[in-house]
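K.L.:
See entry07.txt below, with compact mmCIF, C-alpha atoms.
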# COMPACT_ATOMS: atom_id res chain seq x y z
CA MET A 1 94.40 89.04 63.04
CA THR A 2 91.68 88.19 60.57
CA PHE A 3 89.11 87.21 63.18
CA ASP A 4 86.05 89.35 63.57
CA LEU A 5 85.55 89.43 67.32
CA GLU A 6 82.64 91.80 66.95
CA THR A 7 80.51 89.17 65.26
CA ASP A 8 81.91 86.02 66.79
CA THR A 9 81.43 86.29 70.53
CA ARG A 10 82.10 82.59 71.10
CA LEU A 11 85.56 83.02 69.62
CA ALA A 12 86.11 86.22 71.61
CA TYR A 13 85.08 84.43 74.78
CA VAL A 14 87.45 81.49 74.19
CA LEU A 15 90.29 83.88 73.40
CA ARG A 16 89.95 85.85 76.61
CA LEU A 17 90.01 82.66 78.65
CA ALA A 18 93.14 81.58 76.77
CA ASP A 19 94.87 84.97 76.94
CA ASP A 20 94.47 85.14 80.74
CA LEU A 21 96.14 81.74 81.07
CA LEU A 22 98.95 82.33 78.59
CA ILE A 23 100.00 85.66 80.06
CA ASN A 24 99.81 84.35 83.62
CA SER A 25 101.83 81.32 82.55
CA GLN A 26 104.53 83.60 81.13
CA ARG A 27 104.63 85.74 84.30
CA LEU A 28 105.04 82.62 86.44
CA ALA A 29 107.76 81.27 84.16
CA GLU A 30 109.66 84.55 84.60
CA PHE A 31 109.93 83.84 88.31
CA VAL A 32 111.37 80.34 87.95
CA THR A 33 114.95 80.36 89.38
CA ASN A 34 113.92 83.13 91.82
CA ALA A 35 111.73 81.11 94.17
CA PRO A 36 112.66 80.89 97.87
CA GLU A 37 113.29 77.12 97.75
CA LEU A 38 113.86 74.38 95.21
CA GLU A 39 110.47 72.74 95.71
CA GLU A 40 108.86 76.07 94.98
CA GLU A 41 110.71 76.38 91.68
CA LEU A 42 109.05 73.13 90.66
CA ALA A 43 105.68 74.26 91.94
CA ILE A 44 105.75 77.53 90.00
CA ALA A 45 106.90 75.76 86.84
CA ASN A 46 104.15 73.14 87.33
CA VAL A 47 101.37 75.71 87.70
CA SER A 48 102.75 77.67 84.75
CA LEU A 49 102.71 74.51 82.65
CA ASP A 50 99.15 73.66 83.68
CA ASN A 51 98.06 77.17 82.66
CA LEU A 52 99.89 76.81 79.37
CA GLY A 53 98.28 73.42 78.73
CA VAL A 54 94.76 74.79 79.18
CA ALA A 55 95.66 77.86 77.09
CA HIS A 56 96.94 75.57 74.34
CA ALA A 57 93.68 73.61 74.28
CA LEU A 58 91.68 76.84 74.14
CA TYR A 59 93.83 78.40 71.39
CA GLY A 60 93.45 75.19 69.40
CA TYR A 61 89.69 75.55 69.64
CA ALA A 62 89.87 79.27 68.83
CA SER A 63 91.89 78.43 65.76
CA GLU A 64 89.16 76.03 64.59
CA LEU A 65 86.43 78.57 65.32
CA GLY A 66 88.37 81.11 63.26
CA GLY A 67 88.41 78.78 60.27
CA GLY A 68 91.90 77.41 60.83
CA GLU A 69 93.60 80.32 59.11
CA GLU A 70 95.60 81.10 62.23
CA SER A 71 97.07 78.26 64.27
CA ALA A 72 97.19 78.09 68.06
CA ASP A 73 100.82 79.20 67.88
CA ASP A 74 99.95 82.14 65.60
CA LEU A 75 97.40 83.30 68.14
CA ALA A 76 99.93 83.16 70.95
CA PHE A 77 102.98 84.50 69.18
CA LEU A 78 101.86 86.72 66.34
CA ARG A 79 99.15 88.91 67.81
CA ASP A 80 99.93 92.40 69.00
CA GLU A 81 99.26 93.96 72.36
CA ARG A 82 95.92 95.49 71.43
CA GLU A 83 94.67 92.13 70.16
CA PHE A 84 95.20 90.41 73.53
CA THR A 85 92.14 90.45 75.74
CA ASN A 86 93.62 89.15 78.99
CA CYS A 87 92.71 90.89 82.23
CA LEU A 88 95.14 93.47 83.57
CA LEU A 89 95.85 91.43 86.71
CA VAL A 90 97.92 88.74 84.99
CA GLU A 91 100.16 91.17 83.13
CA GLN A 92 101.19 93.03 86.29
CA PRO A 93 104.90 92.64 87.00
CA HIS A 94 106.23 91.31 90.29
CA ARG A 95 108.91 92.75 92.55
CA ASP A 96 109.08 89.79 94.88
CA PHE A 97 107.59 86.40 95.76
CA ALA A 98 104.70 88.02 97.64
CA ASP A 99 103.58 89.78 94.44
CA VAL A 100 103.68 86.46 92.58
CA MET A 101 101.66 84.58 95.20
CA VAL A 102 99.03 87.27 95.80
CA ARG A 103 98.50 87.69 92.04
CA GLN A 104 98.25 83.92 91.82
CA LEU A 105 95.76 83.72 94.70
CA PHE A 106 93.42 86.23 93.00
CA PHE A 107 93.75 84.39 89.69
CA ASP A 108 93.43 80.86 91.12
CA ALA A 109 90.32 81.87 93.09
CA TRP A 110 88.80 83.10 89.82
CA HIS A 111 89.38 79.74 88.15
CA LEU A 112 88.25 77.92 91.27
CA VAL A 113 84.78 79.45 90.85
CA LEU A 114 84.76 79.77 87.04
CA TRP A 115 85.65 76.29 85.75
CA PRO A 116 82.96 74.35 87.66
CA GLU A 117 80.37 76.69 86.09
CA LEU A 118 81.81 76.22 82.61
CA GLU A 119 81.65 72.44 83.00
CA SER A 120 77.97 72.82 82.16
CA SER A 121 78.62 75.07 79.16
CA SER A 122 76.47 74.21 76.15
CA ASP A 123 79.71 74.23 74.18
CA GLU A 124 81.12 70.70 74.51
CA ARG A 125 84.72 71.72 73.92
CA ILE A 126 84.64 74.42 76.55
CA ALA A 127 82.92 72.02 78.97
CA ALA A 128 85.59 69.35 78.44
CA ILE A 129 88.46 71.78 78.91
CA ALA A 130 86.76 73.22 82.01
CA ALA A 131 86.28 69.79 83.58
CA LYS A 132 89.99 69.14 83.28
CA ALA A 133 91.02 72.61 84.43
CA ALA A 134 88.66 72.58 87.42
CA LYS A 135 90.61 69.75 89.03
CA GLU A 136 93.88 71.59 88.54
CA ALA A 137 92.51 74.90 89.81
CA ARG A 138 91.68 73.40 93.20
CA TYR A 139 95.28 72.29 93.49
CA HIS A 140 96.66 75.66 92.41
CA PHE A 141 94.41 77.50 94.83
CA ARG A 142 95.58 75.35 97.72
CA HIS A 143 99.15 76.16 96.80
CA SER A 144 98.84 79.95 96.46
CA SER A 145 96.56 80.31 99.49
CA SER A 146 98.97 78.35 101.71
CA TRP A 147 101.78 80.73 100.70
CA VAL A 148 99.73 83.89 101.19
CA ILE A 149 98.79 82.67 104.68
CA ARG A 150 102.40 81.82 105.46
CA LEU A 151 103.66 85.19 104.23
CA GLY A 152 100.90 87.30 105.76
CA ASP A 153 100.94 85.55 109.10
CA GLY A 154 104.73 85.23 109.05
CA THR A 155 107.53 87.63 109.96
CA ALA A 156 107.15 91.42 110.05
CA GLU A 157 108.98 91.63 106.72
CA SER A 158 106.96 88.91 104.94
CA ARG A 159 103.75 90.47 106.24
CA ARG A 160 104.80 93.94 105.04
CA ARG A 161 105.49 92.58 101.57
CA ALA A 162 102.33 90.50 101.41
CA GLN A 163 100.23 93.50 102.39
CA ARG A 164 102.05 95.65 99.84
CA ALA A 165 101.22 93.05 97.19
CA VAL A 166 97.53 92.94 98.19
CA ASP A 167 97.31 96.75 98.20
CA GLY A 168 98.98 96.98 94.80
CA LEU A 169 97.06 94.21 93.02
CA TRP A 170 93.57 94.54 94.51
CA ARG A 171 92.48 97.22 92.03
CA PHE A 172 93.22 94.85 89.14
CA ALA A 173 91.31 91.88 90.56
CA GLY A 174 87.91 93.54 90.10
CA GLU A 175 88.17 93.33 86.33
CA LEU A 176 87.79 89.54 86.51
CA LEU A 177 84.36 90.04 88.03
CA MET A 178 83.11 92.63 85.51
CA SER A 179 81.26 91.64 82.38
CA ASP A 180 81.08 93.26 78.98
CA ARG A 181 79.05 92.43 75.88
CA VAL A 182 81.14 89.34 75.06
CA ASP A 183 80.51 87.83 78.49
CA ALA A 184 76.83 88.71 78.34
CA ASP A 185 76.40 87.25 74.84
CA ALA A 186 78.36 84.11 75.70
CA ALA A 187 76.27 83.63 78.83
CA ALA A 188 73.02 84.23 76.95
CA ALA A 189 74.04 81.53 74.46
CA GLY A 190 74.74 79.13 77.35
CA VAL A 191 78.40 79.05 76.35
CA GLY A 192 79.85 81.20 79.11
CA VAL A 193 79.02 82.67 82.47
CA VAL A 194 78.44 86.27 83.56
CA PRO A 195 81.37 87.11 85.86
CA GLU A 196 79.26 89.15 88.29
CA ARG A 197 77.42 85.97 89.20
CA LEU A 198 80.69 84.55 90.53
CA ALA A 199 81.70 87.68 92.45
CA ASP A 200 80.27 86.58 95.79
CA SER A 201 82.02 83.22 95.62
CA TRP A 202 85.30 84.81 94.58
CA HIS A 203 85.17 87.32 97.44
CA ARG A 204 84.28 84.60 99.92
CA GLU A 205 87.25 82.44 98.92
CA VAL A 206 89.78 85.27 98.75
CA ARG A 207 88.66 87.15 101.87
CA ALA A 208 88.76 83.96 103.94
CA ILE A 209 92.40 83.45 102.98
CA LEU A 210 93.38 87.10 103.51
CA GLN A 211 91.72 87.02 106.92
CA GLU A 212 93.57 83.88 107.93
CA ALA A 213 96.75 85.56 106.67
CA THR A 214 95.97 88.55 108.96
CA LEU A 215 96.06 90.80 105.90
CA VAL A 216 93.84 93.84 105.46
CA VAL A 217 91.43 93.88 102.51
CA PRO A 218 91.69 97.26 100.75
CA VAL A 219 88.54 99.38 100.87
CA ASP A 220 89.22 101.55 97.82
CA PRO A 221 86.47 100.54 95.36
CA PHE A 222 88.45 101.69 92.29
CA VAL A 223 88.78 98.98 89.63
CA ALA A 224 91.35 99.27 86.85
CA ALA A 225 89.95 97.67 83.71
CA GLY A 226 90.33 97.69 79.94
CA GLY A 227 92.23 94.49 79.24
CA ARG A 228 89.14 92.77 77.85
CA GLN A 229 88.94 95.55 75.24
CA GLY A 230 92.66 95.34 74.45
CA ARG A 231 93.57 98.46 76.45
CA HIS A 232 96.48 97.28 78.56
CA THR A 233 98.90 98.65 81.10
CA GLU A 234 102.38 99.47 79.83
CA HIS A 235 103.65 96.12 81.12
CA LEU A 236 102.05 93.80 78.55
CA GLY A 237 104.11 95.08 75.63
CA HIS A 238 107.34 94.27 77.43
CA LEU A 239 106.09 90.80 78.31
CA LEU A 240 105.09 90.11 74.70
CA ALA A 241 108.42 91.40 73.40
CA GLU A 242 110.16 88.65 75.33
CA MET A 243 107.55 85.93 74.87
CA GLN A 244 107.16 86.46 71.13
CA TYR A 245 110.80 87.16 70.34
CA MET A 246 111.60 83.84 68.64
CA GLN A 247 108.63 83.82 66.28
CA ARG A 248 109.16 87.49 65.44
CA ALA A 249 112.87 87.06 64.76
CA TYR A 250 112.61 83.66 63.04
CA PRO A 251 109.10 83.45 61.57
CA GLY A 252 107.78 79.91 61.32
CA MET A 253 110.59 78.44 63.42
CA VAL A 254 109.79 75.11 65.04
CA TRP A 255 111.65 73.00 67.60
CA MET B 256 96.68 46.07 66.91
CA ARG B 257 95.41 47.36 70.20
CA ASP B 258 98.13 45.25 71.83
CA ILE B 259 100.81 47.10 69.86
CA VAL B 260 99.52 50.46 71.07
CA ALA B 261 98.83 49.26 74.61
CA ALA B 262 102.46 48.16 75.00
CA VAL B 263 103.83 51.68 74.44
CA ASN B 264 105.50 52.95 77.61
CA ASP B 265 105.06 56.29 79.29
CA PRO B 266 108.32 58.21 78.66
CA GLU B 267 108.38 59.60 82.20
CA LEU B 268 107.39 56.32 83.87
CA PRO B 269 109.19 53.92 81.52
CA SER B 270 108.14 50.72 83.28
CA ILE B 271 104.45 51.49 82.86
CA THR B 272 102.49 51.23 79.66
CA ILE B 273 99.99 53.84 78.53
CA ALA B 274 97.24 51.25 78.88
CA GLU B 275 98.15 50.57 82.51
CA LEU B 276 98.28 54.30 83.21
CA GLY B 277 94.77 54.62 81.83
CA ILE B 278 95.51 57.32 79.26
CA LEU B 279 94.83 55.10 76.24
CA ARG B 280 91.15 55.69 75.54
CA ASP B 281 90.42 54.09 72.20
CA VAL B 282 91.95 52.29 69.20
CA ARG B 283 89.89 51.96 66.04
CA MET B 284 90.21 51.74 62.27
CA ASP B 285 89.32 54.54 59.89
CA GLY B 286 89.77 52.91 56.47
CA GLU B 287 93.45 51.96 56.34
CA THR B 288 94.40 54.26 59.20
CA VAL B 289 94.61 53.32 62.88
CA VAL B 290 93.06 56.07 64.97
CA VAL B 291 94.32 56.17 68.56
CA SER B 292 92.73 58.35 71.23
CA ILE B 293 94.78 59.35 74.27
CA THR B 294 93.98 61.70 77.15
CA PRO B 295 96.47 63.78 79.15
CA THR B 296 96.96 63.22 82.89
CA TYR B 297 97.38 67.00 83.34
CA SER B 298 96.52 69.72 80.83
CA GLY B 299 100.11 70.77 80.40
CA CYS B 300 101.62 67.28 80.37
CA PRO B 301 104.68 67.71 78.12
CA ALA B 302 104.92 63.96 77.53
CA MET B 303 101.87 63.90 75.25
CA GLY B 304 103.90 64.77 72.14
CA VAL B 305 106.44 62.04 72.80
CA ILE B 306 103.71 59.50 73.59
CA ALA B 307 101.98 60.30 70.28
CA GLU B 308 105.29 59.88 68.41
CA ASP B 309 105.99 56.59 70.20
CA ILE B 310 102.54 55.22 69.30
CA ALA B 311 102.99 56.24 65.66
CA ALA B 312 106.45 54.63 65.60
CA ALA B 313 105.20 51.39 67.17
CA LEU B 314 102.40 51.12 64.60
CA ARG B 315 104.71 52.07 61.74
CA ALA B 316 106.99 49.17 62.74
CA HIS B 317 104.01 46.94 61.97
CA SER B 318 103.30 48.81 58.71
CA TYR B 319 100.24 50.64 60.02
CA GLU B 320 99.48 54.25 59.19
CA SER B 321 98.12 56.08 62.22
CA ARG B 322 96.47 59.22 63.45
CA ILE B 323 96.67 60.20 67.13
CA GLU B 324 93.84 62.19 68.68
CA THR B 325 93.85 63.84 72.07
CA VAL B 326 90.56 63.70 73.94
CA LEU B 327 89.88 65.73 77.09
CA SER B 328 86.51 64.36 78.10
CA PRO B 329 85.94 62.48 80.29
CA ALA B 330 88.92 63.84 82.20
CA TRP B 331 91.55 61.35 83.33
CA THR B 332 91.46 60.22 86.93
CA THR B 333 93.96 58.14 88.88
CA ASP B 334 91.16 55.57 89.31
CA TRP B 335 91.94 54.50 85.74
CA MET B 336 95.41 53.37 86.72
CA SER B 337 95.68 49.57 86.84
CA GLU B 338 96.78 47.50 89.84
CA SER B 339 99.81 46.30 87.89
CA ALA B 340 100.87 49.91 87.32
CA LYS B 341 100.53 50.67 91.01
CA GLN B 342 102.65 47.64 91.90
CA LYS B 343 105.37 48.72 89.44
CA LEU B 344 105.37 52.22 90.93
CA ARG B 345 105.84 50.78 94.42
CA GLU B 346 108.77 48.69 93.21
CA GLU B 347 110.37 51.84 91.79
CA GLY B 348 110.01 53.75 95.03
CA VAL B 349 107.03 55.83 93.93
CA ALA B 350 103.93 55.75 96.14
CA PRO B 351 100.91 55.12 93.88
CA PRO B 352 97.70 57.16 94.27
CA GLY B 353 95.85 56.37 97.48
CA ASP B 354 98.88 54.59 98.96
CA ALA B 355 99.68 56.85 101.91
CA ILE B 356 102.68 54.78 103.02
CA CYS B 357 106.42 54.96 102.41
CA PRO B 358 107.36 52.76 99.42
CA GLN B 359 110.68 51.91 101.13
CA CYS B 360 109.69 50.87 104.66
CA SER B 361 105.86 50.86 104.47
CA SER B 362 105.58 53.28 107.39
CA ASP B 363 102.45 55.40 107.38
CA ASP B 364 104.28 58.19 109.23
CA ILE B 365 104.90 60.41 106.20
CA ARG B 366 104.96 64.15 105.61
CA ILE B 367 104.49 66.29 102.54
CA VAL B 368 107.54 68.18 101.33
CA SER B 369 105.96 69.86 98.31
CA GLU B 370 102.69 69.40 96.47
CA PHE B 371 104.63 69.70 93.23
CA GLY B 372 107.23 67.14 92.24
CA SER B 373 109.59 66.49 89.34
CA VAL B 374 106.69 65.76 86.97
CA ALA B 375 103.21 67.26 86.88
CA CYS B 376 101.50 64.14 88.21
CA GLN B 377 103.62 63.62 91.33
CA ALA B 378 104.08 65.35 94.68
CA LEU B 379 107.17 65.16 96.88
CA HIS B 380 106.84 63.42 100.25
CA ALA B 381 109.27 62.17 102.87
CA CYS B 382 109.06 59.29 105.32
CA VAL B 383 109.42 60.30 108.96
CA SER B 384 110.35 56.75 110.03
CA CYS B 385 113.20 55.96 107.63
CA GLY B 386 113.95 59.48 106.44
CA GLU B 387 113.73 58.65 102.73
CA PRO B 388 112.18 61.22 100.43
CA PHE B 389 109.84 59.76 97.79
CA PRO B 390 107.49 60.88 95.04
CA TYR B 391 103.79 60.31 95.62
CA PHE B 392 101.56 59.98 92.57
CA LYS B 393 98.88 62.61 93.18
CA THR B 394 95.35 61.32 93.56
CA LEU B 395 93.22 63.09 90.96
CA ARG B 396 89.47 62.59 90.81
Represent the structure from my file as structure tokens, please.
P.N.:
Amino acid sequence: MTFDLETDTRLAYVLRLADDLLINSQRLAEFVTNAPELEEELAIANVSLDNLGVAHALYGYASELGGGEESADDLAFLRDEREFTNCLLVEQPHRDFADVMVRQLFFDAWHLVLWPELESSSDERIAAIAAKAAKEARYHFRHSSSWVIRLGDGTAESRRRAQRAVDGLWRFAGELLMSDRVDADAAAAGVGVVPERLADSWHREVRAILQEATLVVPVDPFVAAGGRQGRHTEHLGHLLAEMQYMQRAYPGMVW
Amino acid sequence: MRDIVAAVNDPELPSITIAELGILRDVRMDGETVVVSITPTYSGCPAMGVIAEDIAAALRAHSYESRIETVLSPAWTTDWMSESAKQKLREEGVAPPGDAICPQCSSDDIRIVSEFGSVACQALHACVSCGEPFPYFKTLR
């Protein structure tokens, strides 16, 4: 990648928003054909597509900010693991549907509180994309929260799995609410928002759902982080290997 | 010229034109080139590429060069859908936005099957009275 993320925090900020969405979109797509019912297959594919659509708009903007040397597709398919700045949460693999829905709940709640703030970004492109995404996020959140409630407050087995998912993923959620220099600079420029400012809202939304689902909120304060700096868990490389396969094997291939 | 563009149909709702759907935002001239602005219903709407190609093809048939731009702001809302589009949806068995009744028997005793339907902009409902399942165009504001 020829971008200099050290000097261009606006570009770095747009890329992390896009990377979160692309990687989550890919994880959701992996689960299609494994959902518990046909309607849910469509739902997962729909949410994945919405995420991909927003990611596409953001990568397009990032490409322009970077001088157009790398296209939106190049950014998605030709960057290596260390160049991705998505949060660790979205790259976590899933064992079952509960993992998918709990991961989605944490992620949807983040967008539920983030996009309305970014609608007033001083950057017109980010504001326009956020206004569109904010409407979709409300829909996604309703979907994932209804499933988490159904699973948590369901049978002994669905509850066991939902709790296992919450316990396993909670440590990764905190990274969404932590800021680094890019967030701080973007916020100072009026372009972005400092994640800590959204922490209360995020916790309120998520804890209300977990409570209704009769699930226990973990008390361990440990937060696994590093994704924003390109330090990922071992899972991202495997995801990229599959997602980027076509462009790596057949460079420049188009449909 | 605007009429040529306005008559292009939505590939996923073939009876409805892009003007009726409210996604055609602007048609203007830039020198010899027709510049058309369209806006997606949903961010990931996969029909946008086909719609852009269809617009270009329709204009080319009238010997116009064109450039298609996608605009995101202001974001599309179902309020931009015309009455004629809503009527066509009803006739095809799709409940238009805000129409919380069964398009088959007009009963208001309906239930939601899934918030996500066969295309991004529709949800799946079923009528309790006549038992028919039907797509409901999601209200988006």
K.L.:
Output as a ChimeraX atom specification the set of chain B residues within 9 Å of chain A, with distances taken over all atoms listed in the file.
P.N.:
/B:297-301,326-331,368-375,379,395-396
K.L.:
May I ask which of the residues B:Ser339, B:Thr394, B:Ser318, B:Thr288 is the closest one to Ala274 (chain B), counting all atoms listed in the file?
P.N.:
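Looking only at the distances to Ala274 (chain B), the closest residue turns out to be B:Ser339.
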K.L.:
Near Val305 (chain B), within 10 Å and counting only C-alpha atoms, which residues show up once chain neighbours fewer than 6 positions away are dropped, as a list in words?
P.N.:
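Near neighbours after the sequence-gap exclusion: Asp265, Pro266, Glu267 and Ala311 of chain B.
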K.L.:
Store the residues picked out above in a file with C-alpha atoms, as an mmCIF file, keeping the file's coordinate frame.
P.N.:
data_model
loop_
_atom_site.group_PDB
_atom_site.id
_atom_site.type_symbol
_atom_site.label_atom_id
_atom_site.label_comp_id
_atom_site.auth_asym_id
_atom_site.auth_seq_id
_atom_site.Cartn_x
_atom_site.Cartn_y
_atom_site.Cartn_z
ATOM 1 C CA ASP B 265 105.060 56.290 79.290
ATOM 2 C CA PRO B 266 108.320 58.210 78.660
ATOM 3 C CA GLU B 267 108.380 59.600 82.200
ATOM 4 C CA ALA B 311 102.990 56.240 65.660
#
K.L.:
Name the residues within 9 Å of (97.2, 57.5, 92.0), counting only C-alpha atoms in the file's coordinates, and put them as a PyMOL selection string.
P.N.:
chain B and resi 332-336+341+350-354+376-377+391-395
K.L.:
Point out the residue among A:Thr33, A:Gln244, A:Gln229, A:Ser201 with the least atom-to-atom distance to Asp80 (chain A), counting only C-alpha atoms.
P.N.:
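Ranking A:Thr33, A:Gln244, A:Gln229, A:Ser201 by distance to Asp80 (chain A), first place goes to A:Gln244.
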K.L.:
Let me make sure I understand: among B:Arg366, B:Arg283, B:Lys343, B:His380, which one has the smallest atom-to-atom distance to Glu324 (chain B) if we use all atoms listed in the file?
P.N.:
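Residue with the minimum atom-to-atom distance to Glu324 (chain B): B:Arg283.
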K.L.:
CA of Ala186 (chain A) to CA of Thr9 (chain A): how many Å, to one decimal?
P.N.:
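Rounded to one decimal, the two atoms are 6.4 Å apart.
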